[in-house]
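Engineer: So here's coords-v9.csv (CSV, N, CA, C and O atoms).
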```
chain,number,residue,atom,x,y,z
A,1,MET,N,0.9,-1.2,0.0
A,1,MET,CA,0.0,0.0,0.0
A,1,MET,C,0.9,1.2,0.0
A,1,MET,O,1.8,1.3,0.8
A,2,PRO,N,0.6,2.2,-0.9
A,2,PRO,CA,1.4,3.5,-0.9
A,2,PRO,C,1.3,4.2,0.5
A,2,PRO,O,0.2,4.2,1.1
A,3,ALA,N,2.4,4.7,1.0
A,3,ALA,CA,2.4,5.4,2.3
A,3,ALA,C,1.6,6.7,2.2
A,3,ALA,O,0.9,7.1,3.1
A,4,LEU,N,1.8,7.4,1.0
A,4,LEU,CA,1.2,8.7,0.8
A,4,LEU,C,0.5,8.7,-0.5
A,4,LEU,O,1.0,8.1,-1.5
A,5,LEU,N,-0.7,9.3,-0.6
A,5,LEU,CA,-1.4,9.5,-1.9
A,5,LEU,C,-1.4,11.0,-2.3
A,5,LEU,O,-1.9,11.8,-1.5
A,6,GLY,N,-0.8,11.2,-3.4
A,6,GLY,CA,-0.7,12.6,-3.9
A,6,GLY,C,-1.4,12.7,-5.3
A,6,GLY,O,-2.1,11.8,-5.7
A,7,ALA,N,-1.2,13.8,-5.9
A,7,ALA,CA,-1.8,14.1,-7.2
A,7,ALA,C,-1.5,13.0,-8.2
A,7,ALA,O,-2.3,12.7,-9.0
A,8,ALA,N,-0.3,12.5,-8.2
A,8,ALA,CA,0.1,11.5,-9.2
A,8,ALA,C,-0.7,10.2,-9.1
A,8,ALA,O,-1.2,9.6,-10.0
A,9,GLU,N,-1.0,9.8,-7.8
A,9,GLU,CA,-1.8,8.6,-7.6
A,9,GLU,C,-3.3,8.9,-7.8
A,9,GLU,O,-4.0,8.0,-8.2
A,10,LEU,N,-3.7,10.1,-7.4
A,10,LEU,CA,-5.1,10.4,-7.3
A,10,LEU,C,-5.7,10.9,-8.7
A,10,LEU,O,-6.9,10.9,-8.9
A,11,GLY,N,-4.8,11.4,-9.5
A,11,GLY,CA,-5.2,11.9,-10.8
A,11,GLY,C,-5.8,13.3,-10.7
A,11,GLY,O,-6.4,13.8,-11.6
A,12,ALA,N,-5.7,14.0,-9.5
A,12,ALA,CA,-6.2,15.3,-9.3
A,12,ALA,C,-5.4,15.9,-8.1
A,12,ALA,O,-4.8,15.2,-7.3
A,13,GLU,N,-5.5,17.2,-8.0
A,13,GLU,CA,-4.8,17.9,-6.9
A,13,GLU,C,-5.5,17.7,-5.6
A,13,GLU,O,-6.7,17.9,-5.5
A,14,PRO,N,-4.8,17.2,-4.5
A,14,PRO,CA,-5.5,17.0,-3.2
A,14,PRO,C,-5.8,18.3,-2.6
A,14,PRO,O,-5.3,19.4,-2.9
A,15,GLY,N,-6.6,18.2,-1.5
A,15,GLY,CA,-7.0,19.4,-0.8
A,15,GLY,C,-5.8,19.9,0.1
A,15,GLY,O,-5.0,19.2,0.4
A,16,ARG,N,-5.9,21.2,0.4
A,16,ARG,CA,-4.8,21.8,1.2
A,16,ARG,C,-4.9,21.3,2.6
A,16,ARG,O,-3.8,21.1,3.2
A,17,ARG,N,-6.1,21.1,3.2
A,17,ARG,CA,-6.2,20.6,4.6
A,17,ARG,C,-6.5,19.1,4.6
A,17,ARG,O,-6.0,18.4,5.5
A,18,ALA,N,-7.3,18.6,3.7
A,18,ALA,CA,-7.7,17.2,3.7
A,18,ALA,C,-8.3,16.8,2.3
A,18,ALA,O,-8.7,17.7,1.6
A,19,THR,N,-8.4,15.5,2.1
A,19,THR,CA,-9.0,15.1,0.8
A,19,THR,C,-9.9,13.9,1.1
A,19,THR,O,-9.6,13.0,1.8
A,20,LEU,N,-11.1,14.0,0.5
A,20,LEU,CA,-12.1,12.9,0.5
A,20,LEU,C,-11.9,12.1,-0.8
A,20,LEU,O,-12.2,12.7,-1.9
A,21,VAL,N,-11.5,10.9,-0.8
A,21,VAL,CA,-11.3,10.1,-2.0
A,21,VAL,C,-12.4,9.1,-2.0
A,21,VAL,O,-12.5,8.3,-1.1
A,22,GLN,N,-13.1,9.1,-3.1
A,22,GLN,CA,-14.2,8.1,-3.3
A,22,GLN,C,-13.9,7.2,-4.5
A,22,GLN,O,-13.6,7.6,-5.6
A,23,PHE,N,-13.9,5.9,-4.2
A,23,PHE,CA,-13.8,4.9,-5.2
A,23,PHE,C,-15.2,4.5,-5.6
A,23,PHE,O,-16.0,4.0,-4.8
A,24,SER,N,-15.5,4.6,-6.9
A,24,SER,CA,-16.9,4.3,-7.4
A,24,SER,C,-16.8,3.4,-8.6
A,24,SER,O,-15.8,3.1,-9.2
A,25,SER,N,-18.0,2.9,-9.0
A,25,SER,CA,-18.1,2.1,-10.2
A,25,SER,C,-19.4,2.6,-11.0
A,25,SER,O,-20.3,3.2,-10.4
A,26,ALA,N,-19.4,2.3,-12.3
A,26,ALA,CA,-20.4,2.9,-13.1
A,26,ALA,C,-21.9,2.6,-12.7
A,26,ALA,O,-22.7,3.5,-12.8
A,27,PHE,N,-22.2,1.4,-12.3
A,27,PHE,CA,-23.6,1.1,-12.0
A,27,PHE,C,-23.9,1.0,-10.5
A,27,PHE,O,-24.9,0.4,-10.1
A,28,CYS,N,-23.1,1.7,-9.8
A,28,CYS,CA,-23.3,1.7,-8.3
A,28,CYS,C,-24.2,2.8,-7.9
A,28,CYS,O,-23.9,4.0,-8.0
A,29,GLN,N,-25.5,2.5,-7.4
A,29,GLN,CA,-26.4,3.5,-7.0
A,29,GLN,C,-26.0,4.2,-5.8
A,29,GLN,O,-26.0,5.5,-5.8
A,30,PRO,N,-25.4,3.6,-4.7
A,30,PRO,CA,-25.0,4.3,-3.6
A,30,PRO,C,-23.8,5.3,-3.9
A,30,PRO,O,-23.6,6.3,-3.2
A,31,CYS,N,-23.1,5.0,-5.0
A,31,CYS,CA,-22.0,5.9,-5.3
A,31,CYS,C,-22.5,7.3,-5.7
A,31,CYS,O,-21.8,8.3,-5.4
A,32,ARG,N,-23.6,7.3,-6.3
A,32,ARG,CA,-24.2,8.6,-6.7
A,32,ARG,C,-24.5,9.5,-5.5
A,32,ARG,O,-24.2,10.7,-5.5
A,33,ALA,N,-25.2,8.9,-4.5
A,33,ALA,CA,-25.5,9.6,-3.3
A,33,ALA,C,-24.2,10.0,-2.5
A,33,ALA,O,-24.1,11.1,-2.0
A,34,THR,N,-23.3,9.1,-2.5
A,34,THR,CA,-22.0,9.4,-1.9
A,34,THR,C,-21.3,10.5,-2.5
A,34,THR,O,-20.8,11.4,-1.8
A,35,ARG,N,-21.3,10.6,-3.8
A,35,ARG,CA,-20.7,11.7,-4.6
A,35,ARG,C,-21.3,13.0,-4.1
A,35,ARG,O,-20.6,14.0,-3.9
A,36,ARG,N,-22.7,13.1,-4.0
A,36,ARG,CA,-23.4,14.3,-3.6
A,36,ARG,C,-23.0,14.7,-2.2
A,36,ARG,O,-22.7,15.8,-1.9
A,37,ILE,N,-23.0,13.7,-1.3
A,37,ILE,CA,-22.6,14.0,0.1
A,37,ILE,C,-21.2,14.5,0.3
A,37,ILE,O,-21.0,15.5,0.9
A,38,LEU,N,-20.3,13.9,-0.4
A,38,LEU,CA,-18.9,14.3,-0.3
A,38,LEU,C,-18.6,15.7,-0.9
A,38,LEU,O,-17.9,16.5,-0.4
A,39,ALA,N,-19.3,15.9,-2.0
A,39,ALA,CA,-19.2,17.2,-2.7
A,39,ALA,C,-19.7,18.3,-1.8
A,39,ALA,O,-19.2,19.4,-1.7
A,40,GLU,N,-20.9,18.0,-1.1
A,40,GLU,CA,-21.4,19.0,-0.2
A,40,GLU,C,-20.5,19.3,1.0
A,40,GLU,O,-20.3,20.5,1.3
A,41,VAL,N,-19.9,18.3,1.5
A,41,VAL,CA,-19.0,18.5,2.6
A,41,VAL,C,-17.8,19.3,2.2
A,41,VAL,O,-17.3,20.2,2.9
A,42,ALA,N,-17.2,18.9,1.0
A,42,ALA,CA,-16.0,19.6,0.5
A,42,ALA,C,-16.3,21.1,0.3
A,42,ALA,O,-15.5,21.9,0.4
A,43,ALA,N,-17.6,21.4,-0.1
A,43,ALA,CA,-18.0,22.8,-0.4
A,43,ALA,C,-18.1,23.6,0.9
A,43,ALA,O,-17.9,24.8,0.8
A,44,ILE,N,-18.4,23.0,2.0
A,44,ILE,CA,-18.6,23.7,3.2
A,44,ILE,C,-17.4,23.7,4.1
A,44,ILE,O,-17.3,24.6,5.0
A,45,VAL,N,-16.5,22.8,4.0
A,45,VAL,CA,-15.3,22.8,4.8
A,45,VAL,C,-14.1,23.3,4.0
A,45,VAL,O,-13.7,22.6,3.0
A,46,GLY,N,-13.6,24.4,4.4
A,46,GLY,CA,-12.5,25.0,3.6
A,46,GLY,C,-11.2,24.1,3.5
A,46,GLY,O,-10.9,23.5,4.5
A,47,GLY,N,-10.6,24.1,2.4
A,47,GLY,CA,-9.4,23.4,2.2
A,47,GLY,C,-9.5,21.9,2.0
A,47,GLY,O,-8.5,21.2,2.0
A,48,VAL,N,-10.8,21.4,1.8
A,48,VAL,CA,-11.0,20.0,1.6
A,48,VAL,C,-11.4,19.8,0.1
A,48,VAL,O,-12.3,20.5,-0.4
A,49,ALA,N,-10.8,18.8,-0.5
A,49,ALA,CA,-11.1,18.4,-1.9
A,49,ALA,C,-11.9,17.1,-1.9
A,49,ALA,O,-11.6,16.2,-1.0
A,50,HIS,N,-12.7,16.9,-2.9
A,50,HIS,CA,-13.4,15.6,-3.1
A,50,HIS,C,-12.9,15.1,-4.5
A,50,HIS,O,-13.0,15.8,-5.5
A,51,ILE,N,-12.3,13.9,-4.4
A,51,ILE,CA,-11.8,13.3,-5.7
A,51,ILE,C,-12.4,12.0,-5.8
A,51,ILE,O,-12.4,11.1,-5.0
A,52,GLU,N,-13.1,11.8,-7.0
A,52,GLU,CA,-13.8,10.5,-7.3
A,52,GLU,C,-12.9,9.7,-8.3
A,52,GLU,O,-12.5,10.3,-9.3
A,53,ILE,N,-12.7,8.4,-7.9
A,53,ILE,CA,-11.9,7.6,-8.8
A,53,ILE,C,-12.7,6.4,-9.3
A,53,ILE,O,-13.4,5.7,-8.5
A,54,ASP,N,-12.7,6.2,-10.6
A,54,ASP,CA,-13.4,5.0,-11.2
A,54,ASP,C,-12.6,3.8,-10.9
A,54,ASP,O,-11.5,3.6,-11.4
A,55,ALA,N,-13.2,2.9,-10.0
A,55,ALA,CA,-12.5,1.7,-9.6
A,55,ALA,C,-12.1,0.8,-10.8
A,55,ALA,O,-11.0,0.2,-10.7
A,56,GLU,N,-12.9,0.8,-11.8
A,56,GLU,CA,-12.6,-0.1,-12.9
A,56,GLU,C,-11.4,0.4,-13.8
A,56,GLU,O,-10.7,-0.3,-14.4
A,57,GLU,N,-11.3,1.8,-13.8
A,57,GLU,CA,-10.2,2.4,-14.5
A,57,GLU,C,-8.8,2.4,-13.8
A,57,GLU,O,-7.8,2.5,-14.4
A,58,ARG,N,-8.9,2.3,-12.5
A,58,ARG,CA,-7.7,2.3,-11.6
A,58,ARG,C,-7.5,1.1,-10.8
A,58,ARG,O,-7.3,1.1,-9.6
A,59,LEU,N,-7.6,-0.1,-11.5
A,59,LEU,CA,-7.4,-1.4,-10.8
A,59,LEU,C,-6.1,-1.5,-10.0
A,59,LEU,O,-6.0,-2.1,-9.0
A,60,ASP,N,-5.1,-0.8,-10.5
A,60,ASP,CA,-3.8,-0.8,-9.9
A,60,ASP,C,-3.9,-0.2,-8.5
A,60,ASP,O,-3.4,-0.8,-7.5
A,61,LEU,N,-4.5,0.9,-8.4
A,61,LEU,CA,-4.7,1.6,-7.1
A,61,LEU,C,-5.7,0.8,-6.2
A,61,LEU,O,-5.5,0.7,-5.0
A,62,VAL,N,-6.8,0.3,-6.8
A,62,VAL,CA,-7.7,-0.5,-6.0
A,62,VAL,C,-7.1,-1.7,-5.4
A,62,VAL,O,-7.3,-1.9,-4.2
A,63,ARG,N,-6.2,-2.4,-6.1
A,63,ARG,CA,-5.5,-3.5,-5.6
A,63,ARG,C,-4.5,-3.1,-4.5
A,63,ARG,O,-4.4,-3.7,-3.4
A,64,ALA,N,-3.8,-2.0,-4.8
A,64,ALA,CA,-2.7,-1.6,-3.8
A,64,ALA,C,-3.4,-1.2,-2.5
A,64,ALA,O,-2.8,-1.3,-1.4
A,65,LEU,N,-4.6,-0.6,-2.5
A,65,LEU,CA,-5.2,-0.1,-1.3
A,65,LEU,C,-6.2,-1.1,-0.7
A,65,LEU,O,-6.8,-0.9,0.3
A,66,GLY,N,-6.4,-2.3,-1.4
A,66,GLY,CA,-7.3,-3.3,-0.9
A,66,GLY,C,-8.8,-2.9,-0.9
A,66,GLY,O,-9.5,-3.3,0.0
A,67,ILE,N,-9.2,-2.1,-1.9
A,67,ILE,CA,-10.6,-1.7,-2.0
A,67,ILE,C,-11.4,-2.9,-2.5
A,67,ILE,O,-11.1,-3.5,-3.5
A,68,GLU,N,-12.4,-3.3,-1.7
A,68,GLU,CA,-13.2,-4.5,-2.0
A,68,GLU,C,-14.6,-4.2,-2.5
A,68,GLU,O,-15.2,-5.1,-3.1
A,69,LYS,N,-15.1,-3.0,-2.3
A,69,LYS,CA,-16.5,-2.7,-2.8
A,69,LYS,C,-16.6,-1.2,-3.0
A,69,LYS,O,-15.7,-0.4,-2.5
A,70,THR,N,-17.6,-0.8,-3.8
A,70,THR,CA,-17.9,0.6,-4.0
A,70,THR,C,-19.2,0.9,-3.5
A,70,THR,O,-20.1,0.1,-3.5
A,71,PRO,N,-19.4,2.1,-2.9
A,71,PRO,CA,-18.4,3.1,-2.7
A,71,PRO,C,-17.5,2.8,-1.5
A,71,PRO,O,-17.9,2.3,-0.5
A,72,THR,N,-16.2,3.2,-1.6
A,72,THR,CA,-15.3,3.2,-0.5
A,72,THR,C,-14.7,4.6,-0.5
A,72,THR,O,-14.4,5.2,-1.5
A,73,VAL,N,-14.7,5.1,0.7
A,73,VAL,CA,-14.2,6.5,0.9
A,73,VAL,C,-13.0,6.5,1.8
A,73,VAL,O,-13.0,5.8,2.9
A,74,LEU,N,-12.0,7.2,1.4
A,74,LEU,CA,-10.8,7.4,2.2
A,74,LEU,C,-10.7,8.8,2.6
A,74,LEU,O,-10.9,9.7,1.7
A,75,VAL,N,-10.3,9.1,3.8
A,75,VAL,CA,-10.1,10.5,4.2
A,75,VAL,C,-8.6,10.6,4.4
A,75,VAL,O,-7.9,9.9,5.2
A,76,LEU,N,-8.0,11.6,3.6
A,76,LEU,CA,-6.6,11.8,3.7
A,76,LEU,C,-6.3,13.1,4.4
A,76,LEU,O,-7.0,14.1,4.3
A,77,ASP,N,-5.2,13.1,5.2
A,77,ASP,CA,-4.8,14.4,5.8
A,77,ASP,C,-4.0,15.2,4.8
A,77,ASP,O,-3.9,14.8,3.6
A,78,SER,N,-3.5,16.3,5.2
A,78,SER,CA,-2.8,17.3,4.2
A,78,SER,C,-1.6,16.7,3.6
A,78,SER,O,-1.2,17.1,2.5
A,79,ALA,N,-1.0,15.7,4.3
A,79,ALA,CA,0.2,15.0,3.7
A,79,ALA,C,-0.1,13.9,2.8
A,79,ALA,O,0.8,13.4,2.1
A,80,GLY,N,-1.4,13.5,2.7
A,80,GLY,CA,-1.8,12.4,1.9
A,80,GLY,C,-1.8,11.0,2.6
A,80,GLY,O,-2.0,10.0,1.9
A,81,ARG,N,-1.8,11.0,3.9
A,81,ARG,CA,-1.9,9.8,4.7
A,81,ARG,C,-3.4,9.5,4.9
A,81,ARG,O,-4.2,10.3,5.1
A,82,ILE,N,-3.7,8.2,4.8
A,82,ILE,CA,-5.1,7.7,5.0
A,82,ILE,C,-5.3,7.7,6.5
A,82,ILE,O,-4.6,7.0,7.3
A,83,VAL,N,-6.3,8.5,7.0
A,83,VAL,CA,-6.6,8.6,8.4
A,83,VAL,C,-7.9,7.9,8.7
A,83,VAL,O,-8.1,7.6,9.9
A,84,ARG,N,-8.8,7.8,7.8
A,84,ARG,CA,-10.0,7.1,7.9
A,84,ARG,C,-10.4,6.4,6.6
A,84,ARG,O,-10.0,6.8,5.6
A,85,ARG,N,-11.2,5.3,6.8
A,85,ARG,CA,-11.6,4.5,5.6
A,85,ARG,C,-12.9,3.9,5.9
A,85,ARG,O,-13.1,3.4,7.0
A,86,ALA,N,-13.9,4.0,5.0
A,86,ALA,CA,-15.2,3.4,5.2
A,86,ALA,C,-15.7,2.9,3.8
A,86,ALA,O,-15.5,3.5,2.8
A,87,ALA,N,-16.4,1.7,3.9
A,87,ALA,CA,-17.1,1.2,2.7
A,87,ALA,C,-18.6,1.4,2.9
A,87,ALA,O,-19.1,1.4,4.0
A,88,GLY,N,-19.3,1.7,1.8
A,88,GLY,CA,-20.7,1.9,1.8
A,88,GLY,C,-21.0,3.4,1.8
A,88,GLY,O,-20.1,4.3,1.9
A,89,MET,N,-22.2,3.8,1.7
A,89,MET,CA,-22.6,5.2,1.6
A,89,MET,C,-22.6,5.8,3.0
A,89,MET,O,-23.2,5.3,4.0
A,90,PRO,N,-21.8,6.9,3.2
A,90,PRO,CA,-21.6,7.5,4.5
A,90,PRO,C,-22.8,8.5,4.8
A,90,PRO,O,-23.4,9.0,3.9
A,91,ARG,N,-22.9,8.8,6.0
A,91,ARG,CA,-23.8,9.9,6.4
A,91,ARG,C,-23.0,11.2,6.5
A,91,ARG,O,-21.8,11.1,6.8
A,92,LYS,N,-23.6,12.3,6.1
A,92,LYS,CA,-22.8,13.6,6.1
A,92,LYS,C,-22.2,13.9,7.4
A,92,LYS,O,-21.0,14.3,7.5
A,93,ALA,N,-22.9,13.6,8.5
A,93,ALA,CA,-22.3,13.9,9.9
A,93,ALA,C,-21.1,13.0,10.1
A,93,ALA,O,-20.1,13.5,10.8
A,94,ASP,N,-21.1,11.8,9.6
A,94,ASP,CA,-19.9,10.9,9.8
A,94,ASP,C,-18.7,11.4,9.0
A,94,ASP,O,-17.6,11.3,9.5
A,95,VAL,N,-19.0,11.9,7.8
A,95,VAL,CA,-17.9,12.4,7.0
A,95,VAL,C,-17.3,13.6,7.7
A,95,VAL,O,-16.0,13.8,7.8
A,96,ILE,N,-18.1,14.5,8.2
A,96,ILE,CA,-17.6,15.7,8.9
A,96,ILE,C,-16.8,15.3,10.1
A,96,ILE,O,-15.7,15.8,10.4
A,97,ALA,N,-17.3,14.3,10.9
A,97,ALA,CA,-16.6,13.9,12.0
A,97,ALA,C,-15.2,13.2,11.6
A,97,ALA,O,-14.2,13.4,12.3
A,98,ALA,N,-15.2,12.5,10.6
A,98,ALA,CA,-14.0,11.8,10.1
A,98,ALA,C,-12.9,12.9,9.7
A,98,ALA,O,-11.7,12.7,9.9
A,99,LEU,N,-13.4,14.0,9.1
A,99,LEU,CA,-12.5,15.0,8.8
A,99,LEU,C,-11.8,15.6,10.0
A,99,LEU,O,-10.6,16.1,9.8
A,100,GLY,N,-12.4,15.5,11.1
A,100,GLY,CA,-11.7,16.0,12.4
A,100,GLY,C,-10.4,15.3,12.6
A,100,GLY,O,-9.5,15.9,13.2
A,101,ALA,N,-10.3,14.0,12.2
A,101,ALA,CA,-9.0,13.3,12.4
A,101,ALA,C,-8.0,13.7,11.4
A,101,ALA,O,-6.8,13.5,11.6
A,102,ALA,N,-8.4,14.4,10.3
A,102,ALA,CA,-7.5,14.8,9.2
A,102,ALA,C,-7.0,16.2,9.3
A,102,ALA,O,-5.9,16.5,8.8
A,103,VAL,N,-7.8,17.1,9.9
A,103,VAL,CA,-7.4,18.5,9.9
A,103,VAL,C,-6.9,19.0,11.2
A,103,VAL,O,-6.9,18.4,12.2
```
Please re-express this file's structure in structure tokens.

Structural biologist:
Amino acid sequence: MPALLGAAELGAEPGRRATLVQFSSAFCQPCRATRRILAEVAAIVGGVAHIEIDAEERLDLVRALGIEKTPTVLVLDSAGRIVRRAAGMPRKADVIAALGAAV
């Protein structure tokens, strides 16, 4: 597993304070709701980015991180370390609480 996840691994620029990384798949219904929740949280918490990764397109990263289902959400701190991980659709309050460990 990579020790740190940065722009090269994520395919986008991480947030200044934290990053919400979502692994999704094309036909995943909970992924759509998760996308909305994470985008809302990133919009209200300054310095937080939401990056969605298509699990089928990034099998290398999926395997390296041991992602087993979609959606899976990783919370990264400002250095790119994984501080929280959850599978399934999260609740907005849980995402905000998890960000507390990252910022």

Engineer: May I have all residues of chain A that DSSP, computed from the backbone, assigns to strand (DSSP E), given as a PyMOL selection string?

Structural biologist: chain A and resi 18-24+48-54+72-77+82-87

Engineer: Go ahead and save the picked residues with N, CA, C and O atoms, as a tab-separated table (two decimals), keeping the file's coordinate frame.

Structural biologist:
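The result, stored in part28.tsv:
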```
chain	number	residue	atom	x	y	z
A	18	ALA	N	-7.30	18.60	3.70
A	18	ALA	CA	-7.70	17.20	3.70
A	18	ALA	C	-8.30	16.80	2.30
A	18	ALA	O	-8.70	17.70	1.60
A	19	THR	N	-8.40	15.50	2.10
A	19	THR	CA	-9.00	15.10	0.80
A	19	THR	C	-9.90	13.90	1.10
A	19	THR	O	-9.60	13.00	1.80
A	20	LEU	N	-11.10	14.00	0.50
A	20	LEU	CA	-12.10	12.90	0.50
A	20	LEU	C	-11.90	12.10	-0.80
A	20	LEU	O	-12.20	12.70	-1.90
A	21	VAL	N	-11.50	10.90	-0.80
A	21	VAL	CA	-11.30	10.10	-2.00
A	21	VAL	C	-12.40	9.10	-2.00
A	21	VAL	O	-12.50	8.30	-1.10
A	22	GLN	N	-13.10	9.10	-3.10
A	22	GLN	CA	-14.20	8.10	-3.30
A	22	GLN	C	-13.90	7.20	-4.50
A	22	GLN	O	-13.60	7.60	-5.60
A	23	PHE	N	-13.90	5.90	-4.20
A	23	PHE	CA	-13.80	4.90	-5.20
A	23	PHE	C	-15.20	4.50	-5.60
A	23	PHE	O	-16.00	4.00	-4.80
A	24	SER	N	-15.50	4.60	-6.90
A	24	SER	CA	-16.90	4.30	-7.40
A	24	SER	C	-16.80	3.40	-8.60
A	24	SER	O	-15.80	3.10	-9.20
A	48	VAL	N	-10.80	21.40	1.80
A	48	VAL	CA	-11.00	20.00	1.60
A	48	VAL	C	-11.40	19.80	0.10
A	48	VAL	O	-12.30	20.50	-0.40
A	49	ALA	N	-10.80	18.80	-0.50
A	49	ALA	CA	-11.10	18.40	-1.90
A	49	ALA	C	-11.90	17.10	-1.90
A	49	ALA	O	-11.60	16.20	-1.00
A	50	HIS	N	-12.70	16.90	-2.90
A	50	HIS	CA	-13.40	15.60	-3.10
A	50	HIS	C	-12.90	15.10	-4.50
A	50	HIS	O	-13.00	15.80	-5.50
A	51	ILE	N	-12.30	13.90	-4.40
A	51	ILE	CA	-11.80	13.30	-5.70
A	51	ILE	C	-12.40	12.00	-5.80
A	51	ILE	O	-12.40	11.10	-5.00
A	52	GLU	N	-13.10	11.80	-7.00
A	52	GLU	CA	-13.80	10.50	-7.30
A	52	GLU	C	-12.90	9.70	-8.30
A	52	GLU	O	-12.50	10.30	-9.30
A	53	ILE	N	-12.70	8.40	-7.90
A	53	ILE	CA	-11.90	7.60	-8.80
A	53	ILE	C	-12.70	6.40	-9.30
A	53	ILE	O	-13.40	5.70	-8.50
A	54	ASP	N	-12.70	6.20	-10.60
A	54	ASP	CA	-13.40	5.00	-11.20
A	54	ASP	C	-12.60	3.80	-10.90
A	54	ASP	O	-11.50	3.60	-11.40
A	72	THR	N	-16.20	3.20	-1.60
A	72	THR	CA	-15.30	3.20	-0.50
A	72	THR	C	-14.70	4.60	-0.50
A	72	THR	O	-14.40	5.20	-1.50
A	73	VAL	N	-14.70	5.10	0.70
A	73	VAL	CA	-14.20	6.50	0.90
A	73	VAL	C	-13.00	6.50	1.80
A	73	VAL	O	-13.00	5.80	2.90
A	74	LEU	N	-12.00	7.20	1.40
A	74	LEU	CA	-10.80	7.40	2.20
A	74	LEU	C	-10.70	8.80	2.60
A	74	LEU	O	-10.90	9.70	1.70
A	75	VAL	N	-10.30	9.10	3.80
A	75	VAL	CA	-10.10	10.50	4.20
A	75	VAL	C	-8.60	10.60	4.40
A	75	VAL	O	-7.90	9.90	5.20
A	76	LEU	N	-8.00	11.60	3.60
A	76	LEU	CA	-6.60	11.80	3.70
A	76	LEU	C	-6.30	13.10	4.40
A	76	LEU	O	-7.00	14.10	4.30
A	77	ASP	N	-5.20	13.10	5.20
A	77	ASP	CA	-4.80	14.40	5.80
A	77	ASP	C	-4.00	15.20	4.80
A	77	ASP	O	-3.90	14.80	3.60
A	82	ILE	N	-3.70	8.20	4.80
A	82	ILE	CA	-5.10	7.70	5.00
A	82	ILE	C	-5.30	7.70	6.50
A	82	ILE	O	-4.60	7.00	7.30
A	83	VAL	N	-6.30	8.50	7.00
A	83	VAL	CA	-6.60	8.60	8.40
A	83	VAL	C	-7.90	7.90	8.70
A	83	VAL	O	-8.10	7.60	9.90
A	84	ARG	N	-8.80	7.80	7.80
A	84	ARG	CA	-10.00	7.10	7.90
A	84	ARG	C	-10.40	6.40	6.60
A	84	ARG	O	-10.00	6.80	5.60
A	85	ARG	N	-11.20	5.30	6.80
A	85	ARG	CA	-11.60	4.50	5.60
A	85	ARG	C	-12.90	3.90	5.90
A	85	ARG	O	-13.10	3.40	7.00
A	86	ALA	N	-13.90	4.00	5.00
A	86	ALA	CA	-15.20	3.40	5.20
A	86	ALA	C	-15.70	2.90	3.80
A	86	ALA	O	-15.50	3.50	2.80
A	87	ALA	N	-16.40	1.70	3.90
A	87	ALA	CA	-17.10	1.20	2.70
A	87	ALA	C	-18.60	1.40	2.90
A	87	ALA	O	-19.10	1.40	4.00
```

Engineer: Counting only C-alpha atoms, figure out which residue out of A:Leu59, A:Val75, A:Leu5, A:Cys28 gets nearest to Gly100 of chain A.

Structural biologist: A:Val75

Engineer: Let's see if you can do this: from backbone DSSP, list all alpha helix (DSSP H) residues in segment 11-97 of chain A, as a ChimeraX atom specification.

Structural biologist: /A:29-44,59-65,92-97

Engineer: Let me make sure I understand: among A:Gly80, A:Gly88, A:Pro71, A:Gly15, which one has the smallest atom-to-atom distance to Gly47 of chain A if we use all atoms listed in the file?

Structural biologist: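 Selected residue with least distance to Gly47 of chain A: A:Gly15.
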
Engineer: Write out as a count of residues only the residues lying within 8 Å of Ala18 of chain A, counting only N, CA, C and O atoms and excluding same-chain residues fewer than 3 positions away.

Structural biologist: 23

Engineer: Which residue is closest to Ser25 of chain A? Choose from A:Ile53, A:Leu4, A:Ile44, A:Ala87 and count all atoms listed in the file.

Structural biologist: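 Selected residue with least distance to Ser25 of chain A: A:Ile53.
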
Engineer: Pick out the closest residue to Ala26 of chain A from this set: A:Ala43, A:Ala12, A:Ile82, A:Ala55. Count all atoms listed in the file.

Structural biologist: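 Ranking A:Ala43, A:Ala12, A:Ile82, A:Ala55 by distance to Ala26 of chain A, first place goes to A:Ala55.
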
Engineer: Considering only C-alpha atoms, state which residue in the set A:Gly66, A:Ala101, A:Leu38, A:Leu61 is at the smallest distance from Met89 of chain A.

Structural biologist: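 Of A:Gly66, A:Ala101, A:Leu38, A:Leu61, the one nearest Met89 of chain A, counting only C-alpha atoms, is A:Leu38.
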
Engineer: Here is a test: counting only C-alpha atoms, which residue of A:Ala8, A:Arg17, A:Val41, A:Leu65 is nearest to Ala97 of chain A?

Structural biologist: A:Val41

Engineer: Figure out the distance between atom O of Arg85 of chain A and atom CA of Arg58 of chain A, please, to one decimal in Å.

Structural biologist: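 About the pair atom CA of Arg58 of chain A and atom O of Arg85 of chain A: they are 19.4 Å apart.
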
Engineer: Please report the interatomic distance between atom CA of Glu52 of chain A and atom C of Gln22 of chain A in Å with one decimal.

Structural biologist: 4.3 Å

Engineer: To one decimal in Å, tell me the separation between atom CA of Ala39 of chain A and atom N of Ala3 of chain A.

Structural biologist: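 Answer for the atom CA of Ala39 of chain A to atom N of Ala3 of chain A separation: 25.2 Å.
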